[in-house]
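A.B. asks: What follows is a single structure, and I will ask about it in a moment.
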Amino acid sequence: MKAKLLTLTVAVIAFIAMGAALPSCNPTARSLARLDKYPLCDGRGYTSISRLDRRSFSKTDSRSCVKSLDPFDISAWVEAPVTAYTQRNLQKVVLGCSNLVPDAADCSYSGMPGHAATIHSSFDFSVYPALARVQKAVFAFYAEDNAAFLTKSADVRGKLNDGDIYMSLGASRITPAFRRLPHAGWVVVDVTDFAARAINEQRNDTSIDVSLPCGRSEGELATVSVLRREPVLVVEYK
């Protein structure tokens, strides 16, 4: 009798051990917090900026923090007379009304047609702390030529999500200092109000577009880097 009881006890323990080794039928609990959010500003005034020359961004307060944000998606929206499409994996793109033949520069699309392009950048503002107090924010993109004209004439627009409407950005702009090349450099556009709202509402899919109006000559075109030097956002916050 004792031998049977011992055998039964061993069998029960083995069954329990086997059950513990099997995967649980309960779903794994989802994480309720992102692990890659930027930290709250502790007042020590650190600065972390990718690509953009630090001399192109001046802080408003030595105790505030500066963190840059890279786009999670970037593409070109190309419009031709009878079609439009998204183009990715471009190193650079020409903004303005680019025609196939020089004598069609009036953009009337007579004869051989041309096209116009818009750079579309998507950002996740939810990586910034929800309680951040934004002091200053800029959007910067690199002009490979005709930078002065691009700074003055570029149409910069943003929207907070896919279903939103575009708003004009960049009332205040800084022309590149032309430190290396005579007509190239970072065009810096103020987007403080837009960024402050996006961070406050923790928007994770906002868009900023850059384009040029259709001009009358190739002197009103500008080449902008896409993947060669991606656009970047820089936010100063407390």
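As shown in the structure tokens, the chain order sets the letters A, B, ...; within each chain, residues go from 1, and ligands are also counted from 1 in the order they appear.
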Within 9 Å of Val66 in chain A, counting only C-alpha atoms, which residues qualify if same-chain residues fewer than 4 places away don't, as a VMD selection string?
C.D. replies: chain A and resid 41 45 to 49 59 234 to 238
A.B. asks: List the spatial neighbours of Arg55 in chain A as a list in words - criterion: any atom at most 12 Å away, only C-alpha atoms, same-chain residues fewer than 3 positions off excluded.
C.D. replies: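 After dropping sequence-adjacent residues, the list is Ile49, Arg51, Leu52, Ser58, Lys59, Ile174, Pro176, Ala177, Arg179, Trp186 and Val188 of chain A.
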A.B. asks: Leaving out Tyr166 in chain A and any residue of its chain fewer than 2 positions from it, which residues lie within 9 Å of it when counting only C-alpha atoms, given as a list in words?
C.D. replies: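 So the residues in contact are Arg157, Gly158, Lys159, Leu160, Asp164, Ser168, Ser207 and Ile208 of chain A.
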A.B. asks: Would you work out the distance separating CA of Arg54 in chain A from CA of Gln91 in chain A, expressed in Å to one decimal?
C.D. replies: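 Those two atoms sit 23.3 Å apart.
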A.B. asks: His115 in chain A: which residues within 7 Å, counting only C-alpha atoms, same-chain residues fewer than 3 positions away excluded, as a list of chain:residue names?
C.D. replies: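 The contact residues come out as A:Val78, A:Glu79, A:Ala80, A:Cys97, A:Ser98, A:Asn99.
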A.B. asks: Atoms to include: C-alpha atoms. Write the selected residues as a compact mmCIF listing (two decimals), in the first residue's frame.
C.D. replies:
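Printed below is again_34.txt as written:
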# COMPACT_ATOMS: atom_id res chain seq x y z
CA VAL A 78 5.74 63.55 -57.58
CA GLU A 79 3.00 65.22 -59.62
CA ALA A 80 2.91 65.01 -63.42
CA CYS A 97 8.49 72.76 -61.77
CA SER A 98 11.09 70.58 -63.47
CA ASN A 99 10.53 70.15 -67.20
A.B. asks: Taking 6 positions as the minimum chain separation for residues in the same chain, which residues sit within 8 Å of Val191 in chain A when counting only C-alpha atoms? Answer as a PyMOL selection string.
C.D. replies: chain A and resi 136-139+169-170
A.B. asks: I need the chosen residues saved as a CSV table (one decimal), in the first residue's frame, with N, CA and C atoms.
C.D. replies:
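See again14.csv below for the written result:
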chain,number,residue,atom,x,y,z
A,136,LYS,N,11.6,76.2,-28.0
A,136,LYS,CA,12.0,76.5,-29.4
A,136,LYS,C,12.1,75.2,-30.2
A,137,ALA,N,11.6,75.2,-31.4
A,137,ALA,CA,11.7,74.0,-32.3
A,137,ALA,C,12.0,74.5,-33.7
A,138,VAL,N,12.8,73.8,-34.4
A,138,VAL,CA,13.1,74.1,-35.8
A,138,VAL,C,13.1,72.8,-36.7
A,139,PHE,N,12.7,73.0,-37.9
A,139,PHE,CA,12.8,71.9,-38.9
A,139,PHE,C,13.9,72.3,-39.9
A,169,LEU,N,3.9,76.6,-42.2
A,169,LEU,CA,4.9,76.7,-41.2
A,169,LEU,C,6.1,77.6,-41.7
A,170,GLY,N,7.0,77.9,-40.8
A,170,GLY,CA,8.2,78.6,-41.2
A,170,GLY,C,8.1,80.1,-41.5
A.B. asks: Check the smallest atom-to-atom distance from each of A:Ala147, A:Leu40, A:Val187, A:Ala171 to Cys65 in chain A using only C-alpha atoms, then report the winner.
C.D. replies: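 Distance minimum relative to Cys65 in chain A lands on A:Leu40.
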A.B. asks: Take CA of Asp190 in chain A and CA of Ser217 in chain A and report the distance between them in Å, one decimal.
C.D. replies: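 Answer for the CA of Asp190 in chain A to CA of Ser217 in chain A separation: 28.4 Å.
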A.B. asks: When you count only C-alpha atoms, which of these residues is closest to Glu220 in chain A: A:Asp193, A:Asp145, A:Asp70, A:Asp42?
C.D. replies: A:Asp145
